[in-house]
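Chemist: So that we are looking at the same thing, I have put the structure below in structure tokens.
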Amino acid sequence: MPRVTAQGKSIECPAGANLRQVLLKHGIGVHNGAAVALNCQGLGTCGTCAALVEGDVTPMEWREQARLDLAPHRIDAGRRLTCQVQIQGDVRVTKFEGFWGQGSEPEWTAAGPNRSHHGWPPGKCG
Ligand code: FES
């Protein structure tokens, strides 16, 4: 079974599982600050679930690409919308600061929280 590593946790899940749902089910927040409440619930339109996703996942489709082409995201930043990602193999996730997760400073990495970041615990920075 594929394994997702995020925020210091290692989670087994079935192939084809949705990354955002797997993370939330295991208590790993994919939204920062007010975006915890103000998000599209996985429709792929708000852009707030963005993260760096490394590993074996489905390729980006038009909806995700269109949202990541809009500011404050940049398509060349290499982020993915976790709600649009299906897990195919082992995956490592890093969440960055900012309402949309568009920042350059990690909120948390695969290894765990970024304790040097002023936003820890998660949800403190917007
Ligand atoms: S939850 Fe809104 S784009 Fe993923």
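In the structure tokens, each chain is lettered A, B, ... as it comes, each chain's residues begin at 1, and ligands are numbered from 1 in order of appearance.
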How would you write, as a VMD selection string, the set of residues no farther than 6 Å from ligand 1 when counting only C-alpha atoms and all ligand atoms?
Modeler: chain A and resid 39 to 49 81 to 83
Chemist: Store the residues of this selection in a file with C-alpha atoms, as a CSV table (one decimal), in the first residue's frame.
Modeler:
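Saved result, part_24.csv, follows:
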```csv
chain,number,residue,atom,x,y,z
A,39,ASN,CA,-12.1,26.8,1.5
A,40,CYS,CA,-14.0,25.1,-1.3
A,41,GLN,CA,-14.1,21.7,0.4
A,42,GLY,CA,-12.1,20.0,-2.3
A,43,LEU,CA,-13.7,21.4,-5.5
A,44,GLY,CA,-10.3,22.6,-6.8
A,45,THR,CA,-11.4,26.2,-7.0
A,46,CYS,CA,-10.1,28.1,-3.9
A,47,GLY,CA,-6.4,27.1,-4.1
A,48,THR,CA,-5.9,27.0,-0.4
A,49,CYS,CA,-4.9,23.3,-0.1
A,81,LEU,CA,-3.7,21.2,-5.0
A,82,THR,CA,-4.0,18.3,-2.5
A,83,CYS,CA,-7.7,18.0,-3.2
```
Chemist: Give me, as a list in words, all polymer residues having an atom no more than 10 Å from Val85 of chain A, counting only C-alpha atoms and skipping those fewer than 6 positions away in the same chain.
Modeler: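 Residues meeting the cut-off are Gly16, Ala17, Asn18, Leu19, Arg20, Gln21, Val53, Asp56, Val57, Thr58, Pro59, Met60, Glu61 and Glu64 of chain A.
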Chemist: Generate a file of the selected residues that holds C-alpha atoms, formatted as a short mmCIF file (atom, residue, chain, number, x, y, z; two decimals), in the first residue's frame.
Modeler:
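Dumped to again_8.cif:
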```
data_model
loop_
_atom_site.label_atom_id
_atom_site.label_comp_id
_atom_site.auth_asym_id
_atom_site.auth_seq_id
_atom_site.Cartn_x
_atom_site.Cartn_y
_atom_site.Cartn_z
CA GLY A 16 -6.25 6.01 -5.63
CA ALA A 17 -7.03 7.75 -2.34
CA ASN A 18 -7.43 11.53 -2.40
CA LEU A 19 -4.46 13.23 -0.74
CA ARG A 20 -6.43 16.04 0.98
CA GLN A 21 -8.91 13.56 2.43
CA VAL A 53 3.82 16.95 -3.18
CA ASP A 56 3.91 8.97 -7.17
CA VAL A 57 0.63 10.80 -7.76
CA THR A 58 -1.74 11.46 -10.64
CA PRO A 59 -0.70 14.14 -13.14
CA MET A 60 -2.17 17.63 -13.04
CA GLU A 61 -5.40 18.12 -14.95
CA GLU A 64 -5.83 22.27 -11.01
#
```
Chemist: So that I can check the surroundings of Ala35 of chain A, please list as a PyMOL selection string every protein, DNA and RNA residue that reaches within 8 Å of it, counting only C-alpha atoms and ignoring chain neighbours fewer than 2 positions away.
Modeler: chain A and resi 31-33+37-39+48+99-100
Chemist: Run DSSP on the backbone and grab whatever in segment 34-82 of chain A lands in strand (DSSP E); send it over as a PyMOL selection string.
Modeler: chain A and resi 50-57+79-81
Chemist: Kindly export the residues of the current selection with C-alpha atoms, as a PDB file, in the first residue's frame.
Modeler:
```pdb
ATOM      1  CA  ALA A  50      -1.756  23.817  -2.122  1.00  0.00           C
ATOM      2  CA  ALA A  51       1.372  21.983  -0.997  1.00  0.00           C
ATOM      3  CA  LEU A  52       4.599  20.566  -2.339  1.00  0.00           C
ATOM      4  CA  VAL A  53       3.816  16.947  -3.183  1.00  0.00           C
ATOM      5  CA  GLU A  54       6.755  14.671  -3.971  1.00  0.00           C
ATOM      6  CA  GLY A  55       6.213  11.115  -5.112  1.00  0.00           C
ATOM      7  CA  ASP A  56       3.906   8.971  -7.165  1.00  0.00           C
ATOM      8  CA  VAL A  57       0.631  10.803  -7.764  1.00  0.00           C
ATOM      9  CA  ARG A  79       2.826  23.120  -5.815  1.00  0.00           C
ATOM     10  CA  ARG A  80      -0.167  20.818  -6.165  1.00  0.00           C
ATOM     11  CA  LEU A  81      -3.731  21.181  -4.960  1.00  0.00           C
TER      12      LEU A  81
END
```
Chemist: Can you work out which one of A:Leu68, A:Arg63, A:Asp90, A:Gly27 has the shortest atom-to-atom distance to Met1 of chain A, counting only C-alpha atoms?
Modeler: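 The shortest atom-to-atom distance to Met1 of chain A comes from A:Asp90.
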Chemist: Find, counting only C-alpha atoms, the residue in A:Cys13, A:Gly101, A:Gln65, A:Trp108 that gets nearest to Lys25 of chain A.
Modeler: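 Residue with the minimum atom-to-atom distance to Lys25 of chain A: A:Cys13.
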Chemist: Between A:Leu24, A:Gly112, A:Val91, A:Ala66, which has the minimum distance to Gly8 of chain A (counting only C-alpha atoms)?
Modeler: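 Smallest distance to Gly8 of chain A is found for A:Gly112.
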Chemist: What residues in chain A get the DSSP label alpha helix (DSSP H)? Please answer as a list of chain:residue names.
Modeler: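 Here are the alpha helix (DSSP H) residues of chain A: A:Leu19, A:Arg20, A:Gln21, A:Val22, A:Leu23, A:Leu24, A:Lys25, A:Trp62, A:Arg63, A:Glu64, A:Gln65, A:Ala66, A:Arg67, A:Leu68.
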Chemist: Would you save the residues of that selection, restricted to C-alpha atoms, as a compact mmCIF listing (two decimals), in the first residue's frame?
Modeler:
```txt
# COMPACT_ATOMS: atom_id res chain seq x y z
CA LEU A 19 -4.46 13.23 -0.74
CA ARG A 20 -6.43 16.04 0.98
CA GLN A 21 -8.91 13.56 2.43
CA VAL A 22 -6.17 11.25 3.70
CA LEU A 23 -4.32 14.13 5.39
CA LEU A 24 -7.43 15.60 7.02
CA LYS A 25 -8.61 12.17 8.20
CA TRP A 62 -6.93 21.32 -16.37
CA ARG A 63 -8.86 22.45 -13.27
CA GLU A 64 -5.83 22.27 -11.01
CA GLN A 65 -3.56 23.85 -13.60
CA ALA A 66 -6.01 26.72 -14.13
CA ARG A 67 -6.15 27.48 -10.39
CA LEU A 68 -2.39 27.26 -9.91
```
